[in-house]
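Novice: coords-v8.txt is reproduced in full below (compact mmCIF, C-alpha atoms and all ligand atoms).
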# COMPACT_ATOMS: atom_id res chain seq x y z
CA MET A 330 124.81 47.27 71.80
CA ASP A 331 125.64 46.98 68.13
CA ARG A 332 128.45 49.47 67.75
CA THR A 333 129.64 48.28 64.38
CA ILE A 334 127.51 50.20 61.94
CA ASN A 335 126.84 53.66 60.72
CA GLY A 336 129.26 55.55 62.85
CA TYR A 337 129.43 53.96 66.25
CA PHE A 338 125.94 54.50 67.64
CA GLY A 339 124.39 51.71 65.66
CA ASP A 340 120.79 52.22 64.67
CA ILE A 341 119.71 53.57 68.05
CA TYR A 342 118.88 57.02 66.71
CA LYS A 343 117.57 55.98 63.33
CA ASN A 344 113.97 57.20 62.78
CA LYS A 345 113.79 58.28 66.44
CA LYS A 346 112.28 61.59 67.43
CA VAL A 347 114.98 63.61 69.15
CA LEU A 348 114.17 66.98 70.65
CA ILE A 349 117.13 69.36 71.01
CA THR A 350 116.83 72.66 72.86
CA GLY A 351 119.43 75.21 71.76
CA HIS A 352 119.60 73.75 68.23
CA THR A 353 120.28 77.18 66.69
CA GLY A 354 123.46 77.55 68.78
CA PHE A 355 126.99 76.39 68.06
CA LYS A 356 126.93 72.98 69.77
CA GLY A 357 123.23 72.46 69.06
CA SER A 358 123.78 72.91 65.31
CA TRP A 359 126.58 70.33 65.24
CA LEU A 360 124.47 67.93 67.33
CA SER A 361 121.45 68.40 65.02
CA LEU A 362 123.67 67.74 62.02
CA TRP A 363 125.14 64.58 63.55
CA LEU A 364 121.71 63.24 64.51
CA THR A 365 120.28 63.87 61.05
CA GLU A 366 123.25 61.95 59.63
CA LEU A 367 122.31 59.09 61.98
CA GLY A 368 118.79 59.10 60.53
CA ALA A 369 117.04 60.75 63.49
CA ASN A 370 114.02 62.94 63.23
CA VAL A 371 115.30 66.13 64.88
CA ILE A 372 112.93 68.62 66.46
CA GLY A 373 114.75 71.80 67.48
CA TYR A 374 113.34 74.19 70.07
CA SER A 375 115.22 77.47 70.65
CA LEU A 376 115.35 81.17 70.33
CA GLU A 377 116.74 82.58 67.10
CA PRO A 378 120.45 81.94 66.45
CA PRO A 379 122.38 83.92 69.07
CA THR A 380 124.91 85.49 66.69
CA GLU A 381 125.30 86.80 63.19
CA PRO A 382 126.78 84.95 61.36
CA ASN A 383 125.96 81.53 62.80
CA LEU A 384 126.43 77.88 61.87
CA PHE A 385 122.70 77.09 61.84
CA GLU A 386 121.98 79.49 58.97
CA ALA A 387 125.35 79.14 57.24
CA ILE A 388 124.68 75.44 56.54
CA THR A 389 120.89 75.83 56.05
CA LEU A 390 120.02 73.41 58.84
CA LYS A 391 116.51 74.81 58.95
CA ASP A 392 115.64 72.79 55.84
CA LYS A 393 116.82 69.51 57.36
CA ILE A 394 115.01 69.40 60.71
CA THR A 395 111.78 70.50 62.36
CA HIS A 396 112.72 74.00 63.43
CA ILE A 397 110.72 75.64 66.19
CA ILE A 398 111.39 79.04 67.67
CA GLY A 399 110.50 78.92 71.34
CA ASP A 400 111.67 80.01 74.76
CA VAL A 401 112.52 77.43 77.44
CA ARG A 402 111.20 79.90 80.01
CA ASP A 403 107.75 79.47 78.45
CA GLU A 404 106.67 76.24 80.12
CA GLU A 405 103.27 76.06 78.46
CA HIS A 406 104.65 76.41 74.94
CA LEU A 407 107.50 73.99 75.64
CA ILE A 408 105.11 71.33 76.94
CA SER A 409 102.80 71.83 73.95
CA ILE A 410 105.75 71.05 71.66
CA PHE A 411 106.61 67.90 73.62
CA GLU A 412 102.93 66.92 73.42
CA LYS A 413 102.77 67.50 69.69
CA TYR A 414 106.00 65.73 68.69
CA GLN A 415 106.25 63.01 71.38
CA PRO A 416 110.07 62.79 71.45
CA GLU A 417 111.87 59.73 72.79
CA PHE A 418 115.18 61.52 73.31
CA VAL A 419 115.76 65.01 74.72
CA PHE A 420 119.10 66.86 74.68
CA HIS A 421 118.78 70.13 76.59
CA LEU A 422 121.43 72.64 75.47
CA ALA A 423 119.53 75.94 75.46
CA ALA A 424 121.21 78.37 77.81
CA GLN A 425 122.64 81.80 78.38
CA PRO A 426 126.18 80.34 78.11
CA LEU A 427 128.52 83.27 78.72
CA VAL A 428 130.25 84.25 81.97
CA ARG A 429 130.63 87.93 81.15
CA VAL A 430 127.01 88.31 80.01
CA SER A 431 125.97 86.67 83.28
CA TYR A 432 127.55 89.55 85.23
CA LYS A 433 125.43 92.00 83.23
CA GLU A 434 122.29 89.84 83.12
CA PRO A 435 122.28 87.60 86.20
CA LYS A 436 118.47 87.30 86.39
CA LEU A 437 118.14 86.34 82.73
CA THR A 438 120.95 83.82 83.21
CA TYR A 439 119.23 82.11 86.16
CA GLU A 440 115.80 82.24 84.53
CA THR A 441 117.13 80.63 81.38
CA ASN A 442 119.58 78.15 82.85
CA VAL A 443 117.73 77.12 86.00
CA MET A 444 114.00 77.67 85.34
CA GLY A 445 114.53 76.64 81.71
CA THR A 446 115.97 73.33 82.92
CA ILE A 447 113.09 72.88 85.37
CA ASN A 448 110.60 73.48 82.53
CA VAL A 449 112.31 70.86 80.38
CA LEU A 450 112.20 68.38 83.28
CA GLU A 451 108.52 69.16 83.89
CA ALA A 452 107.83 68.45 80.21
CA VAL A 453 109.71 65.14 80.51
CA LYS A 454 107.63 64.30 83.59
CA LYS A 455 104.35 65.04 81.81
CA ILE A 456 104.96 63.64 78.34
CA LYS A 457 105.40 59.91 78.62
CA SER A 458 107.08 59.36 75.25
CA VAL A 459 110.46 60.51 76.65
CA ARG A 460 112.85 57.67 77.49
CA VAL A 461 116.17 59.55 77.59
CA CYS A 462 116.92 63.07 78.79
CA VAL A 463 120.43 64.52 78.78
CA ILE A 464 120.91 67.90 80.47
CA ILE A 465 123.98 69.78 79.23
CA THR A 466 125.62 71.86 81.96
CA SER A 467 129.34 72.78 82.07
CA ASP A 468 132.76 72.14 83.58
CA LYS A 469 132.14 75.48 85.33
CA CYS A 470 129.38 73.91 87.45
CA TYR A 471 132.00 72.74 89.97
CA GLU A 472 132.97 74.84 92.96
CA ASN A 473 136.32 75.96 91.57
CA LYS A 474 139.19 75.55 94.00
CA GLU A 475 141.91 76.37 91.42
CA TRP A 476 143.12 72.80 91.86
CA VAL A 477 145.82 71.46 89.55
CA TYR A 478 143.92 68.19 89.19
CA GLY A 479 140.62 67.52 87.47
CA TYR A 480 137.17 67.74 89.04
CA ARG A 481 135.27 64.50 89.43
CA GLU A 482 131.54 63.93 89.27
CA THR A 483 131.50 63.50 93.07
CA ASP A 484 132.99 66.96 93.74
CA PRO A 485 130.61 69.65 94.99
CA VAL A 486 128.96 71.96 92.48
CA GLY A 487 129.00 75.72 93.06
CA GLY A 488 130.17 78.66 90.98
CA TYR A 489 131.59 82.12 91.63
CA ASP A 490 129.91 84.05 88.80
CA PRO A 491 126.19 83.84 87.93
CA TYR A 492 126.77 81.65 84.83
CA SER A 493 128.84 79.03 86.67
CA SER A 494 126.47 79.10 89.63
CA SER A 495 123.41 78.76 87.35
CA LYS A 496 124.97 75.61 85.87
CA GLY A 497 125.68 74.35 89.41
CA CYS A 498 121.99 75.00 90.17
CA ALA A 499 120.93 73.14 87.00
CA GLU A 500 122.99 70.19 88.25
CA LEU A 501 121.28 70.28 91.66
CA VAL A 502 117.86 70.49 90.01
CA THR A 503 118.65 67.55 87.73
CA SER A 504 119.90 65.47 90.63
CA ALA A 505 116.75 66.25 92.66
CA TYR A 506 114.43 65.34 89.76
CA ARG A 507 116.40 62.14 89.19
CA ARG A 508 116.12 61.09 92.81
CA SER A 509 112.54 62.21 93.29
CA PHE A 510 110.80 61.34 89.99
CA PHE A 511 113.15 59.29 87.79
CA ASN A 512 115.02 57.25 90.35
CA PRO A 513 117.29 54.71 88.61
CA GLU A 514 116.28 52.10 91.19
CA ASP A 515 112.66 52.39 90.08
CA TYR A 516 113.48 52.38 86.36
CA SER A 517 110.97 50.26 84.41
CA LYS A 518 108.87 49.89 87.60
CA THR A 519 107.38 53.34 88.23
CA HIS A 520 108.84 55.23 85.24
CA ASN A 521 110.78 54.73 82.00
CA VAL A 522 112.96 57.82 82.00
CA ALA A 523 116.75 57.81 82.09
CA LEU A 524 118.04 61.22 83.20
CA SER A 525 121.67 62.34 83.10
CA SER A 526 123.65 65.57 83.26
CA VAL A 527 126.83 66.13 81.27
CA ARG A 528 129.76 68.45 81.93
CA ALA A 529 132.20 69.25 79.15
CA GLY A 530 135.14 71.58 78.79
CA ASN A 531 135.74 74.59 76.57
CA VAL A 532 134.59 73.59 73.16
CA ILE A 533 136.15 74.77 69.93
CA GLY A 534 135.17 74.10 66.34
CA GLY A 535 134.02 75.75 63.14
CA GLY A 536 130.89 77.89 63.27
CA ASP A 537 131.13 79.56 66.68
CA TRP A 538 130.82 83.36 66.77
CA GLY A 539 129.95 83.60 70.49
CA GLU A 540 130.76 86.85 72.23
CA ASP A 541 133.87 86.85 74.44
CA ARG A 542 134.99 83.39 73.38
CA ILE A 543 138.62 83.08 72.45
CA ILE A 544 138.35 81.29 69.08
CA PRO A 545 135.60 83.59 67.75
CA ASP A 546 137.58 86.57 69.11
CA CYS A 547 140.66 85.37 67.18
CA ILE A 548 138.71 84.76 63.98
CA ARG A 549 136.93 88.12 64.10
CA ALA A 550 140.24 89.93 64.64
CA ILE A 551 142.18 88.03 61.97
CA ALA A 552 139.38 88.44 59.43
CA LYS A 553 139.61 92.22 59.94
CA ASN A 554 143.43 92.23 59.93
CA LYS A 555 143.49 93.39 63.54
CA ALA A 556 145.50 92.16 66.52
CA ILE A 557 143.75 89.59 68.74
CA ASN A 558 143.06 91.04 72.17
CA ILE A 559 143.67 88.48 74.96
CA ARG A 560 142.05 89.08 78.34
CA SER A 561 143.44 86.26 80.49
CA PRO A 562 146.52 84.84 78.75
CA GLN A 563 147.43 82.52 81.61
CA ALA A 564 143.92 81.11 82.22
CA THR A 565 144.10 77.35 81.68
CA ARG A 566 141.20 75.45 80.11
CA PRO A 567 140.40 71.91 78.95
CA TRP A 568 140.08 72.66 75.20
CA GLN A 569 138.05 70.17 73.22
CA TYR A 570 137.00 69.78 69.62
CA VAL A 571 133.23 70.28 69.42
CA LEU A 572 132.56 66.70 68.28
CA GLU A 573 134.30 65.22 71.34
CA PRO A 574 131.66 66.03 73.97
CA LEU A 575 128.91 65.47 71.40
CA SER A 576 130.20 61.93 70.82
CA GLY A 577 129.98 61.48 74.58
CA TYR A 578 126.41 62.80 74.74
CA LEU A 579 125.34 60.54 71.86
CA LEU A 580 127.06 57.48 73.26
CA LEU A 581 125.58 58.12 76.68
CA GLY A 582 122.11 58.69 75.19
CA ALA A 583 122.32 55.40 73.28
CA LEU A 584 123.37 53.49 76.40
CA MET A 585 120.67 55.18 78.48
CA TYR A 586 118.11 54.11 75.90
CA GLU A 587 119.26 50.52 76.25
CA ASP A 588 119.74 50.37 80.01
CA GLY A 589 118.29 53.48 81.62
CA GLY A 590 118.79 52.54 85.25
CA LYS A 591 122.48 51.86 84.80
CA TYR A 592 123.55 55.08 83.09
CA SER A 593 121.36 57.74 84.76
CA SER A 594 123.84 59.97 86.56
CA ALA A 595 126.34 62.82 86.06
CA TRP A 596 129.17 62.50 83.53
CA ASN A 597 132.31 64.49 82.69
CA PHE A 598 133.60 64.56 79.11
CA GLY A 599 137.00 66.24 79.21
CA PRO A 600 140.13 66.06 77.04
CA ASN A 601 143.46 64.40 77.76
CA ASP A 602 145.92 66.35 79.87
CA GLU A 603 148.02 67.44 76.86
CA SER A 604 145.00 69.43 75.59
CA ILE A 605 144.85 71.53 78.75
CA LYS A 606 146.55 74.73 77.69
CA THR A 607 146.62 78.41 78.50
CA VAL A 608 144.62 80.88 76.43
CA GLU A 609 147.90 82.30 75.10
CA ASP A 610 149.02 78.82 73.94
CA LEU A 611 145.73 78.41 72.13
CA VAL A 612 146.04 81.79 70.42
CA ASN A 613 149.53 80.85 69.23
CA LEU A 614 148.10 77.66 67.72
CA VAL A 615 145.40 79.65 65.94
CA ILE A 616 148.06 81.95 64.46
CA LYS A 617 150.12 78.94 63.39
CA TYR A 618 147.25 77.17 61.60
CA TRP A 619 145.85 80.36 60.07
CA ASP A 620 149.37 81.20 59.01
CA GLY A 621 148.97 84.79 60.13
CA GLY A 622 147.77 87.05 62.92
CA THR A 623 149.17 88.89 65.94
CA TYR A 624 147.96 89.47 69.49
CA THR A 625 148.11 91.97 72.32
CA ILE A 626 147.47 91.34 76.01
CA ASP A 627 144.64 93.32 77.56
CA THR A 628 145.79 94.71 80.90
CA LEU A 629 142.42 96.15 82.00
CA ASN A 630 140.68 94.73 85.06
CA HIS A 631 137.95 92.25 84.19
CA PRO A 632 135.32 90.50 86.32
CA HIS A 633 136.51 87.31 87.99
CA GLU A 634 136.83 84.19 85.82
CA ALA A 635 138.33 80.88 86.95
CA GLY A 636 142.09 80.66 86.40
CA LEU A 637 142.60 76.91 86.37
CA LEU A 638 140.02 74.37 85.30
CA LYS A 639 140.41 70.67 84.56
CA LEU A 640 137.90 67.85 84.20
CA ASP A 641 138.50 64.24 85.17
CA ALA A 642 136.76 62.03 82.60
CA SER A 643 137.83 58.68 84.10
CA LYS A 644 134.22 57.68 84.78
CA ALA A 645 133.13 58.10 81.14
CA ARG A 646 136.23 56.25 79.97
CA ALA A 647 135.75 53.35 82.35
CA LEU A 648 131.97 52.92 82.28
CA LEU A 649 131.01 54.16 78.80
CA GLY A 650 134.22 53.29 76.96
CA TRP A 651 134.32 56.91 75.71
CA LYS A 652 137.60 58.60 74.82
CA PRO A 653 138.81 61.79 73.16
CA ILE A 654 139.92 61.40 69.53
CA TYR A 655 141.50 64.74 68.54
CA ASP A 656 144.16 66.44 70.63
CA VAL A 657 144.22 70.23 70.90
CA TYR A 658 146.50 70.57 67.83
CA LYS A 659 144.14 68.62 65.59
CA ALA A 660 141.19 70.45 67.14
CA VAL A 661 142.64 73.87 66.29
CA GLU A 662 143.72 72.74 62.82
CA LYS A 663 140.21 71.45 61.98
CA THR A 664 138.60 74.53 63.48
CA ILE A 665 140.74 76.97 61.50
CA ASN A 666 140.24 75.02 58.31
CA TRP A 667 136.45 75.35 58.68
CA TYR A 668 136.65 79.14 59.21
CA LYS A 669 139.01 79.54 56.26
CA ASN A 670 136.38 77.98 54.02
CA PHE A 671 133.71 80.23 55.48
CA TYR A 672 135.76 83.40 55.06
CA ASN A 673 136.66 82.33 51.52
CA GLY A 674 132.95 82.56 50.77
CA MET A 675 131.74 78.97 51.11
CA ARG A 676 128.04 78.90 52.14
CA ASN A 677 124.74 76.97 52.06
CA GLU A 678 124.75 73.49 50.44
CA LYS A 679 128.47 73.60 49.70
CA LEU A 680 129.30 74.52 53.28
CA TYR A 681 126.76 71.95 54.46
CA GLU A 682 128.47 69.20 52.43
CA PHE A 683 131.87 70.31 53.65
CA THR A 684 130.67 70.30 57.28
CA VAL A 685 129.14 66.84 56.86
CA GLY A 686 132.56 65.75 55.50
CA VAL A 687 134.26 67.16 58.61
CA LEU A 688 131.82 65.19 60.76
CA TRP A 689 132.39 61.93 58.89
CA GLU A 690 136.14 62.35 58.94
CA TYR A 691 135.86 62.55 62.72
CA VAL A 692 133.49 59.56 62.88
CA ASN A 693 135.84 57.48 60.75
CA ARG A 694 138.79 58.43 62.98
CA MET A 695 136.63 57.51 65.94
CA SER A 696 135.82 54.18 64.39
CA ASP A 697 139.52 53.50 63.77
CA GLU A 698 140.37 54.43 67.35
CA TYR A 699 137.59 52.31 68.78
CA GLY A 700 138.35 49.52 66.33
CA MET A 701 135.04 49.66 64.50
CA MET A 702 133.69 50.31 61.06
CA GLY A 703 132.12 53.65 60.33
CA GLU A 704 132.51 54.58 56.68
CA LYS A 705 129.63 56.67 55.41
CA GLY A 706 127.16 54.42 53.66
CA ASP A 707 128.08 51.22 55.55
N1 LIG A 801 130.70 76.28 74.03
C1 LIG A 801 131.33 75.87 75.14
O1 LIG A 801 132.55 75.94 75.24
C2 LIG A 801 130.54 75.25 76.27
C3 LIG A 801 131.26 74.70 77.35
C4 LIG A 801 130.55 74.11 78.40
C5 LIG A 801 129.17 74.07 78.34
N2 LIG A 801 128.49 74.61 77.28
C6 LIG A 801 127.03 74.50 77.29
O2 LIG A 801 126.60 73.91 76.07
C7 LIG A 801 125.33 74.46 75.68
C8 LIG A 801 125.39 75.02 74.28
O3 LIG A 801 126.38 76.04 74.23
P1 LIG A 801 126.77 76.79 72.88
O4 LIG A 801 128.21 77.03 72.95
O5 LIG A 801 126.23 76.04 71.73
O6 LIG A 801 125.99 78.18 73.07
P2 LIG A 801 125.26 79.12 71.98
O7 LIG A 801 125.15 80.46 72.59
O8 LIG A 801 125.91 79.00 70.66
O9 LIG A 801 123.80 78.48 71.88
C9 LIG A 801 122.83 78.66 72.88
C10 LIG A 801 121.49 78.18 72.36
O10 LIG A 801 120.51 78.37 73.38
C11 LIG A 801 119.41 79.08 72.82
N3 LIG A 801 118.73 79.84 73.88
C12 LIG A 801 119.24 80.80 74.68
N4 LIG A 801 118.28 81.23 75.53
C13 LIG A 801 117.16 80.51 75.25
C14 LIG A 801 115.85 80.48 75.78
N5 LIG A 801 115.46 81.28 76.77
N6 LIG A 801 114.96 79.60 75.24
C15 LIG A 801 115.31 78.78 74.21
N7 LIG A 801 116.52 78.79 73.67
C16 LIG A 801 117.44 79.63 74.20
C17 LIG A 801 120.00 79.95 71.74
O11 LIG A 801 118.99 80.39 70.82
C18 LIG A 801 120.98 78.95 71.13
O12 LIG A 801 120.28 78.07 70.28
C19 LIG A 801 124.97 75.48 76.74
O13 LIG A 801 124.14 74.87 77.70
C20 LIG A 801 126.32 75.84 77.35
O14 LIG A 801 126.19 76.34 78.65
C21 LIG A 801 129.16 75.20 76.25
What's the structure tokens form of this structure?
Ligand SMILES: NC(=O)c1ccc[n+]([C@@H]2O[C@H](COP(=O)([O-])OP(=O)(O)OC[C@H]3O[C@@H](n4cnc5c(N)ncnc54)[C@H](O)[C@@H]3O)[C@@H](O)[C@H]2O)c1
Specialist:
Amino acid sequence: MDRTINGYFGDIYKNKKVLITGHTGFKGSWLSLWLTELGANVIGYSLEPPTEPNLFEAITLKDKITHIIGDVRDEEHLISIFEKYQPEFVFHLAAQPLVRVSYKEPKLTYETNVMGTINVLEAVKKIKSVRVCVIITSDKCYENKEWVYGYRETDPVGGYDPYSSSKGCAELVTSAYRRSFFNPEDYSKTHNVALSSVRAGNVIGGGDWGEDRIIPDCIRAIAKNKAINIRSPQATRPWQYVLEPLSGYLLLGALMYEDGGKYSSAWNFGPNDESIKTVEDLVNLVIKYWDGGTYTIDTLNHPHEAGLLKLDASKARALLGWKPIYDVYKAVEKTINWYKNFYNGMRNEKLYEFTVGVLWEYVNRMSDEYGMMGEKGD
């Protein structure tokens, strides 16, 4: 693969139709932005942005892609969109992504995360234009044993709470569809679909206002001059800058496009060990980079959430050549810088240009790290 031009992924995505579910969400907006910068034709299919404010509207992404409001639980509508746009690539991110909401809305969580995934896979089965399908699940899909070492792709999936379990189910569904309908051994004989699932850690970056997520909680509190309320100070998570897993998804998608049979499987994209920190450590970093803020520890009883969670990304490193670029310090610094601009009133085209700059700064760092060229306009 030509990895030397235009930011690492070569021309693979240029002029390609890429359908993203969940494009109005935090990760989906960044992925849509990155793909448009790579020259792809992005078709987004989602419900309305899940929060107010949100990155999708703040950077006016609607004007840059084909924006479709739709529900992944509505199979007929979803398939009609696949039929109309004939995508070659599919990145499925749409989900009910929050553990605490899943305790309140377990049925909605399973319907969205499991049946929604099945509907996407049915669309891929029916519409023959699709060559690459990447299903985004979570590090929480693993049966959590509170191990001190990282989970590998071969470890059993499971999940204590409905969210984690729904992502474990989405993994099982993806694996069954891969074996039954898109078997890598039959690639280019009976079908032309490469199907993978991807599991990333806790993602941080500018533009997330998700409920009950630590960075948005910090930002909301600091912006109102209030103390940050921490629920589980000692919970340990693999913190990652938002562009880290997205670089993995894009690299994987490009390789799947080139050699579908070889790359169709499950992949972890986790950070280096030094980025695995407690929630309290992360909050202290936020306060440092914001240069202000205080916190209190919430002593109330909360529903169960995993205490210790680590991902082993050796497979992606060895077989895809993927690696993390920003450590947790850089990730928090970049994240806080983005929010500072937002809360200083930057919006629309100006915020869009700034966000594109953040993306290209990352891509150029990536290119340096990987030893490749990636300056914008190469
Ligand atoms: N943010 C993280 O730290 C993290 C970590 C691991 C995995 N993930 C996974 O990454 C994906 C994206 O997460 P995010 O942080 O961007 O979440 P988000 O809440 O910001 O975005 C979710 C997106 O899904 C859409 N959506 C929800 N229900 C839908 C439905 N029924 N039909 C169509 N669209 C629907 C929303 O409109 C939104 O576009 C999710 O699958 C999530 O589980 C996120």
Novice: Could the residues that lie within 6 Å of ligand LIG 801 (chain A), counting all atoms listed in the file, be listed as number ranges by chain?
Specialist: A: 351-357, 375-379, 399-402, 422-426, 441, 465-468, 529-532
Novice: Which residues are close to A:Arg481, i.e. within 10 Å by all atoms listed in the file, leaving aside same-chain residues fewer than 4 positions away? Reply as a ChimeraX atom specification.
Specialist: /A:468,471,485,595-597,639-644
Novice: Ranking A:Ile654, A:Ile665, A:Ile626, A:Cys462 by minimum distance to A:Val522 and counting all atoms listed in the file, which one comes first?
Specialist: A:Cys462
Novice: Counting all atoms listed in the file, write as a tab-separated table (two decimals) with C-alpha atoms, in the frame of the given file all protein and nucleic acid residues lying at most 12 Å from (124.3, 62.6, 72.7) in the file's frame.
Specialist:
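Result saved to part05.tsv:
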chain	number	residue	atom	x	y	z
A	337	TYR	CA	129.43	53.96	66.25
A	338	PHE	CA	125.94	54.50	67.64
A	341	ILE	CA	119.71	53.57	68.05
A	342	TYR	CA	118.88	57.02	66.71
A	347	VAL	CA	114.98	63.61	69.15
A	348	LEU	CA	114.17	66.98	70.65
A	349	ILE	CA	117.13	69.36	71.01
A	356	LYS	CA	126.93	72.98	69.77
A	357	GLY	CA	123.23	72.46	69.06
A	359	TRP	CA	126.58	70.33	65.24
A	360	LEU	CA	124.47	67.93	67.33
A	361	SER	CA	121.45	68.40	65.02
A	362	LEU	CA	123.67	67.74	62.02
A	363	TRP	CA	125.14	64.58	63.55
A	364	LEU	CA	121.71	63.24	64.51
A	367	LEU	CA	122.31	59.09	61.98
A	369	ALA	CA	117.04	60.75	63.49
A	418	PHE	CA	115.18	61.52	73.31
A	419	VAL	CA	115.76	65.01	74.72
A	420	PHE	CA	119.10	66.86	74.68
A	421	HIS	CA	118.78	70.13	76.59
A	422	LEU	CA	121.43	72.64	75.47
A	461	VAL	CA	116.17	59.55	77.59
A	462	CYS	CA	116.92	63.07	78.79
A	463	VAL	CA	120.43	64.52	78.78
A	464	ILE	CA	120.91	67.90	80.47
A	465	ILE	CA	123.98	69.78	79.23
A	525	SER	CA	121.67	62.34	83.10
A	526	SER	CA	123.65	65.57	83.26
A	527	VAL	CA	126.83	66.13	81.27
A	572	LEU	CA	132.56	66.70	68.28
A	573	GLU	CA	134.30	65.22	71.34
A	574	PRO	CA	131.66	66.03	73.97
A	575	LEU	CA	128.91	65.47	71.40
A	576	SER	CA	130.20	61.93	70.82
A	577	GLY	CA	129.98	61.48	74.58
A	578	TYR	CA	126.41	62.80	74.74
A	579	LEU	CA	125.34	60.54	71.86
A	580	LEU	CA	127.06	57.48	73.26
A	581	LEU	CA	125.58	58.12	76.68
A	582	GLY	CA	122.11	58.69	75.19
A	583	ALA	CA	122.32	55.40	73.28
A	584	LEU	CA	123.37	53.49	76.40
A	585	MET	CA	120.67	55.18	78.48
A	586	TYR	CA	118.11	54.11	75.90
A	596	TRP	CA	129.17	62.50	83.53
A	598	PHE	CA	133.60	64.56	79.11
A	651	TRP	CA	134.32	56.91	75.71
Novice: For atom CA of A:Val502 and atom CA of A:Lys518, quote the distance in Å rounded to one decimal.
Specialist: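 Straight-line distance from atom CA of A:Val502 to atom CA of A:Lys518 works out to 22.6 Å.
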